[in-house]
Each structure stands twice: as C-alpha cells, then as structure tokens.
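Heads up, protein_20.cif below (mmCIF, N, CA, C and O atoms):
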data_input
loop_
_atom_site.label_atom_id
_atom_site.label_comp_id
_atom_site.auth_asym_id
_atom_site.auth_seq_id
_atom_site.Cartn_x
_atom_site.Cartn_y
_atom_site.Cartn_z
N MET S 996 138.56 108.42 106.01
CA MET S 996 138.10 107.05 105.93
C MET S 996 136.70 107.02 105.35
O MET S 996 135.88 107.88 105.63
N ASN S 997 136.45 106.01 104.58
CA ASN S 997 135.17 105.85 103.89
C ASN S 997 134.28 104.87 104.67
O ASN S 997 134.68 103.73 104.89
N PRO S 998 133.09 105.29 105.08
CA PRO S 998 132.21 104.38 105.83
C PRO S 998 131.94 103.06 105.11
O PRO S 998 131.81 102.02 105.75
N GLN S 999 131.89 103.08 103.80
CA GLN S 999 131.60 101.86 103.04
C GLN S 999 132.75 100.85 103.10
O GLN S 999 132.57 99.71 102.67
N ASP S 1000 133.89 101.25 103.62
CA ASP S 1000 135.02 100.33 103.74
C ASP S 1000 134.90 99.41 104.96
O ASP S 1000 135.64 98.44 105.08
N TYR S 1001 133.98 99.73 105.86
CA TYR S 1001 133.81 98.93 107.08
C TYR S 1001 132.77 97.84 106.89
O TYR S 1001 131.75 98.05 106.24
N GLU S 1002 133.05 96.69 107.49
CA GLU S 1002 132.10 95.58 107.47
C GLU S 1002 130.91 95.95 108.34
O GLU S 1002 131.06 96.45 109.46
N VAL S 1003 129.71 95.70 107.83
CA VAL S 1003 128.47 95.91 108.57
C VAL S 1003 127.73 94.57 108.60
O VAL S 1003 127.51 93.96 107.56
N VAL S 1004 127.37 94.13 109.81
CA VAL S 1004 126.63 92.88 109.97
C VAL S 1004 125.16 93.25 110.20
O VAL S 1004 124.86 94.03 111.11
N ILE S 1005 124.28 92.70 109.38
CA ILE S 1005 122.85 93.00 109.46
C ILE S 1005 122.09 91.73 109.79
O ILE S 1005 122.33 90.68 109.19
N ARG S 1006 121.17 91.85 110.75
CA ARG S 1006 120.33 90.69 111.09
C ARG S 1006 118.91 91.18 111.33
O ARG S 1006 118.69 92.32 111.74
N PRO S 1007 117.94 90.32 111.09
CA PRO S 1007 116.54 90.72 111.33
C PRO S 1007 116.24 90.82 112.82
O PRO S 1007 116.82 90.08 113.63
N LEU S 1008 115.35 91.72 113.15
CA LEU S 1008 114.85 91.83 114.51
C LEU S 1008 113.51 91.12 114.61
O LEU S 1008 112.71 91.15 113.68
N SER S 1009 113.26 90.50 115.73
CA SER S 1009 111.99 89.81 115.93
C SER S 1009 110.86 90.84 116.06
O SER S 1009 111.11 91.99 116.41
N PRO S 1010 109.64 90.41 115.78
CA PRO S 1010 108.50 91.33 115.95
C PRO S 1010 108.42 91.89 117.38
O PRO S 1010 108.06 93.04 117.58
N SER S 1011 108.81 91.08 118.38
CA SER S 1011 108.78 91.58 119.76
C SER S 1011 109.82 92.66 120.02
O SER S 1011 109.69 93.43 120.97
N ASP S 1012 110.85 92.71 119.17
CA ASP S 1012 111.86 93.77 119.26
C ASP S 1012 111.54 94.94 118.33
O ASP S 1012 112.38 95.81 118.12
N GLY S 1013 110.37 94.90 117.72
CA GLY S 1013 109.95 96.00 116.86
C GLY S 1013 110.07 95.72 115.38
O GLY S 1013 109.71 96.56 114.56
N GLY S 1014 110.61 94.56 115.01
CA GLY S 1014 110.77 94.23 113.60
C GLY S 1014 111.88 95.04 112.96
O GLY S 1014 112.62 95.75 113.62
N GLY S 1015 111.99 94.91 111.66
CA GLY S 1015 113.05 95.61 110.94
C GLY S 1015 114.36 94.86 111.02
O GLY S 1015 114.39 93.64 111.22
N TYR S 1016 115.45 95.62 110.91
CA TYR S 1016 116.78 95.03 110.84
C TYR S 1016 117.76 95.82 111.70
O TYR S 1016 117.67 97.04 111.80
N PHE S 1017 118.68 95.09 112.32
CA PHE S 1017 119.70 95.64 113.19
C PHE S 1017 121.03 95.57 112.46
O PHE S 1017 121.35 94.55 111.85
N ALA S 1018 121.82 96.64 112.53
CA ALA S 1018 123.14 96.67 111.88
C ALA S 1018 124.19 97.02 112.91
O ALA S 1018 124.00 97.95 113.71
N VAL S 1019 125.28 96.29 112.91
CA VAL S 1019 126.39 96.54 113.82
C VAL S 1019 127.69 96.55 113.03
O VAL S 1019 127.83 95.82 112.04
N VAL S 1020 128.63 97.39 113.48
CA VAL S 1020 129.94 97.50 112.83
C VAL S 1020 130.97 96.92 113.79
O VAL S 1020 131.35 97.58 114.77
N PRO S 1021 131.41 95.68 113.56
CA PRO S 1021 132.31 95.01 114.52
C PRO S 1021 133.61 95.76 114.82
O PRO S 1021 134.09 95.71 115.95
N ALA S 1022 134.15 96.48 113.85
CA ALA S 1022 135.44 97.15 114.04
C ALA S 1022 135.34 98.41 114.90
O ALA S 1022 136.35 98.88 115.41
N LEU S 1023 134.11 98.94 115.07
CA LEU S 1023 133.94 100.20 115.80
C LEU S 1023 133.04 99.96 117.02
O LEU S 1023 131.82 99.87 116.88
N PRO S 1024 133.62 99.85 118.20
CA PRO S 1024 132.84 99.54 119.40
C PRO S 1024 131.66 100.50 119.60
O PRO S 1024 131.82 101.72 119.55
N GLY S 1025 130.49 99.91 119.78
CA GLY S 1025 129.28 100.69 120.02
C GLY S 1025 128.62 101.27 118.79
O GLY S 1025 127.59 101.91 118.90
N CYS S 1026 129.19 101.04 117.63
CA CYS S 1026 128.64 101.60 116.39
C CYS S 1026 127.58 100.64 115.86
O CYS S 1026 127.89 99.53 115.41
N LYS S 1027 126.33 101.09 115.92
CA LYS S 1027 125.22 100.25 115.47
C LYS S 1027 124.07 101.14 115.02
O LYS S 1027 124.02 102.33 115.33
N SER S 1028 123.13 100.52 114.32
CA SER S 1028 121.97 101.24 113.82
C SER S 1028 120.90 100.23 113.48
O SER S 1028 121.05 99.03 113.72
N ASP S 1029 119.81 100.71 112.90
CA ASP S 1029 118.74 99.81 112.46
C ASP S 1029 117.99 100.45 111.30
O ASP S 1029 118.29 101.56 110.89
N GLY S 1030 117.03 99.72 110.78
CA GLY S 1030 116.21 100.22 109.69
C GLY S 1030 115.07 99.28 109.39
O GLY S 1030 115.05 98.13 109.86
N ASP S 1031 114.10 99.76 108.62
CA ASP S 1031 112.94 98.95 108.27
C ASP S 1031 113.28 97.82 107.30
O ASP S 1031 112.64 96.77 107.31
N THR S 1032 114.27 98.05 106.45
CA THR S 1032 114.72 97.04 105.48
C THR S 1032 116.23 96.86 105.65
O THR S 1032 116.89 97.72 106.26
N PRO S 1033 116.78 95.78 105.09
CA PRO S 1033 118.24 95.64 105.17
C PRO S 1033 118.98 96.83 104.53
O PRO S 1033 120.00 97.28 105.05
N GLN S 1034 118.42 97.36 103.44
CA GLN S 1034 119.04 98.50 102.77
C GLN S 1034 119.01 99.74 103.66
O GLN S 1034 119.98 100.50 103.72
N ASP S 1035 117.88 99.95 104.35
CA ASP S 1035 117.78 101.09 105.28
C ASP S 1035 118.78 100.92 106.42
O ASP S 1035 119.45 101.88 106.82
N ALA S 1036 118.88 99.72 106.96
CA ALA S 1036 119.81 99.46 108.06
C ALA S 1036 121.25 99.73 107.62
O ALA S 1036 122.04 100.31 108.37
N LEU S 1037 121.60 99.33 106.40
CA LEU S 1037 122.94 99.55 105.89
C LEU S 1037 123.22 101.04 105.69
O LEU S 1037 124.26 101.54 106.11
N ALA S 1038 122.28 101.75 105.09
CA ALA S 1038 122.46 103.19 104.89
C ALA S 1038 122.59 103.91 106.23
O ALA S 1038 123.46 104.79 106.38
N ASN S 1039 121.77 103.52 107.20
CA ASN S 1039 121.84 104.13 108.53
C ASN S 1039 123.15 103.78 109.22
O ASN S 1039 123.72 104.60 109.95
N ALA S 1040 123.64 102.57 108.99
CA ALA S 1040 124.93 102.16 109.56
C ALA S 1040 126.07 103.00 108.98
O ALA S 1040 126.98 103.41 109.71
N TYR S 1041 126.02 103.29 107.69
CA TYR S 1041 127.06 104.13 107.09
C TYR S 1041 127.04 105.53 107.71
O TYR S 1041 128.09 106.13 107.96
N ASP S 1042 125.85 106.06 108.00
CA ASP S 1042 125.76 107.35 108.69
C ASP S 1042 126.35 107.24 110.10
O ASP S 1042 127.07 108.15 110.54
N ALA S 1043 126.05 106.15 110.79
CA ALA S 1043 126.58 105.94 112.13
C ALA S 1043 128.10 105.83 112.11
O ALA S 1043 128.78 106.35 113.01
N ILE S 1044 128.65 105.17 111.09
CA ILE S 1044 130.10 105.05 110.97
C ILE S 1044 130.73 106.43 110.81
O ILE S 1044 131.72 106.75 111.46
N ALA S 1045 130.16 107.25 109.94
CA ALA S 1045 130.69 108.60 109.72
C ALA S 1045 130.67 109.40 111.02
O ALA S 1045 131.64 110.09 111.36
N CYS S 1046 129.59 109.30 111.78
CA CYS S 1046 129.48 110.00 113.06
C CYS S 1046 130.48 109.46 114.08
O CYS S 1046 131.10 110.22 114.83
N TRP S 1047 130.66 108.14 114.10
CA TRP S 1047 131.60 107.50 115.02
C TRP S 1047 133.01 108.01 114.74
O TRP S 1047 133.74 108.38 115.66
N ILE S 1048 133.39 108.02 113.46
CA ILE S 1048 134.73 108.47 113.09
C ILE S 1048 134.92 109.95 113.43
O ILE S 1048 135.96 110.33 113.98
N GLU S 1049 133.91 110.77 113.16
CA GLU S 1049 134.01 112.19 113.47
C GLU S 1049 134.19 112.41 114.97
O GLU S 1049 135.03 113.21 115.40
N ALA S 1050 133.43 111.70 115.78
CA ALA S 1050 133.54 111.83 117.23
C ALA S 1050 134.92 111.37 117.72
O ALA S 1050 135.53 112.03 118.58
N ALA S 1051 135.42 110.28 117.18
CA ALA S 1051 136.74 109.78 117.57
C ALA S 1051 137.82 110.81 117.22
O ALA S 1051 138.73 111.05 118.02
N GLU S 1052 137.71 111.40 116.03
CA GLU S 1052 138.68 112.42 115.63
C GLU S 1052 138.62 113.62 116.57
O GLU S 1052 139.66 114.15 116.98
N ASP S 1053 137.41 114.05 116.91
CA ASP S 1053 137.24 115.20 117.81
C ASP S 1053 137.85 114.94 119.18
O ASP S 1053 138.35 115.86 119.83
N MET S 1054 137.80 113.69 119.63
CA MET S 1054 138.34 113.33 120.94
C MET S 1054 139.81 112.91 120.88
O MET S 1054 140.40 112.59 121.91
N GLY S 1055 140.37 112.89 119.68
CA GLY S 1055 141.77 112.51 119.53
C GLY S 1055 142.01 111.02 119.72
O GLY S 1055 143.12 110.60 120.05
N ARG S 1056 140.99 110.22 119.51
CA ARG S 1056 141.11 108.77 119.68
C ARG S 1056 141.49 108.09 118.38
O ARG S 1056 141.17 108.57 117.30
N ALA S 1057 142.13 106.94 118.52
CA ALA S 1057 142.51 106.15 117.34
C ALA S 1057 141.28 105.60 116.66
O ALA S 1057 140.30 105.24 117.32
N ILE S 1058 141.33 105.53 115.36
CA ILE S 1058 140.24 104.98 114.57
C ILE S 1058 140.69 103.63 114.02
O ILE S 1058 141.68 103.57 113.28
N PRO S 1059 140.01 102.56 114.40
CA PRO S 1059 140.40 101.24 113.90
C PRO S 1059 140.37 101.20 112.36
O PRO S 1059 139.51 101.82 111.72
N ALA S 1060 141.28 100.44 111.81
CA ALA S 1060 141.33 100.29 110.36
C ALA S 1060 140.07 99.60 109.86
O ALA S 1060 139.50 98.76 110.55
N ALA S 1061 139.65 100.00 108.68
CA ALA S 1061 138.50 99.36 108.06
C ALA S 1061 138.84 97.94 107.69
O ALA S 1061 139.96 97.63 107.29
N ALA S 1062 137.89 97.06 107.87
CA ALA S 1062 138.09 95.65 107.54
C ALA S 1062 136.78 95.07 107.06
O ALA S 1062 135.71 95.45 107.51
N ARG S 1063 136.87 94.15 106.14
CA ARG S 1063 135.70 93.43 105.65
C ARG S 1063 135.99 91.94 105.73
O ARG S 1063 137.11 91.51 105.50
N ALA S 1064 134.98 91.19 106.04
CA ALA S 1064 135.11 89.72 106.07
C ALA S 1064 135.14 89.20 104.64
O ALA S 1064 134.50 89.76 103.75
N ALA S 1065 135.87 88.15 104.44
CA ALA S 1065 135.90 87.52 103.12
C ALA S 1065 134.55 86.86 102.84
O ALA S 1065 133.95 86.28 103.73
N ALA S 1066 134.11 87.00 101.62
CA ALA S 1066 132.80 86.41 101.26
C ALA S 1066 132.94 84.96 100.93
O ALA S 1066 133.92 84.44 100.57
#

Starting from the file, lay out its structure as structure tokens.
Amino acid sequence: MNPQDYEVVIRPLSPSDGGGYFAVVPALPGCKSDGDTPQDALANAYDAIACWIEAAEDMGRAIPAAARAAA
C-alpha cells in the first residue's frame, strides 16, 4: 500500500498548542502527525502511515483500504 493513497486532513494548531500544523489520517485509527508547515505535516503523516501499515502487518491486523475524499 502506498501512503500517498490515504486521505490526510491537515489543520493549523493554535499558538497555545505550540503552533504548526496537525495531520490526521481518518482511515487509520490513531495515525497522526504534525509539522511546522502544512508540507512538513503531510510528509510526516506519510511516514506515520508507512509505520502504521508496517505495525499492522507485523501484528497480523487488517489494513483499511486507502480512501480519499472527493475534492
């Protein structure tokens, strides 16, 4: 599975939360990341997706199908 096939939702973090951007992958429970810029958050999310999939495979768990929201 290709990490870029999964939808990633990115939103800004408030200064009180440290600033930057938060990224979450709705199809993969608990898969999230952050970054200083939206691009950093997206790149970090793709790394998190790859790690999530690898861990699921190691544990013999099902991997949800990749999905993207319509633009």

List every residue of stretch 1024-1063 of chain S that has an atom at most 7 Å from any atom of stretch 999-1018 of chain S, and for each one report the closest atom pair and its distance in Å to one decimal, counting only N, CA, C and O atoms, with rows sorted by chain and then by increasing residue number, as a tab-separated table.
residue	atom	partner	partner_atom	distance
S:Cys1026	O	S:Ala1018	O	4.5
S:Lys1027	CA	S:Ala1018	O	3.1
S:Ser1028	O	S:Ala1018	N	2.8
S:Asp1029	CA	S:Tyr1016	O	3.0
S:Gly1030	O	S:Tyr1016	N	2.8
S:Asp1031	O	S:Gly1015	CA	3.8
S:Thr1032	N	S:Tyr1016	N	5.2
S:Pro1033	N	S:Tyr1016	CA	5.8
S:Asp1035	C	S:Tyr1016	O	6.7
S:Ala1036	CA	S:Tyr1016	O	4.9
S:Leu1037	N	S:Ala1018	CA	6.3
S:Ala1040	CA	S:Ala1018	O	6.0
S:Tyr1041	CA	S:Gln999	N	5.9
S:Ala1060	C	S:Asp1000	O	6.6
S:Ala1061	C	S:Asp1000	O	4.2
S:Ala1062	O	S:Glu1002	N	2.9
S:Arg1063	CA	S:Glu1002	CA	4.6

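For the set S:Ala1022, S:Met996, S:Ala1043, S:Ala1038, the residue with the smallest atom-to-atom gap to S:Ala1057 is S:Ala1022, counting all atoms listed in the file.
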
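Reported to one decimal place, the separation of atom CA of S:Ile1044 from atom CA of S:Val1019 is 9.7 Å.
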
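Comparing the minimum interatomic distances between S:Pro1024 and each of S:Asp1042, S:Glu1049, S:Pro1059, S:Pro998, counting all atoms listed in the file, we find that S:Pro1059 sits nearest.
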
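Taking chain S and asking which residues DSSP calls strand (DSSP E or B) on the backbone, you get S:Val1004, S:Ile1005, S:Arg1006, S:Pro1007, S:Tyr1016, S:Phe1017, S:Ala1018, S:Val1019, S:Lys1027, S:Ser1028, S:Asp1029, S:Gly1030.
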
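If you look at atom O of S:Gly1025 and atom CA of S:Ile1048, they are 11.3 Å away from each other.
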
Atomic distance atom O of S:Asn997 - atom C of S:Ala1045, expressed in Å with one decimal: 9.3 Å

Is it possible to get the axis-aligned box enclosing stretch 1002-1019 of chain S (all listed atoms, 3 Å extra per side) as JSON, with centre and edge lengths in Å rounded to one decimal?
{"center_x": 120.6, "center_y": 93.9, "center_z": 114.2, "size_x": 31.0, "size_y": 14.1, "size_z": 19.5}

Taking the DSSP secondary structure from the backbone, can you list the residues of chain S that are alpha helix (DSSP H), as a PyMOL selection string? chain S and resi 1033-1054
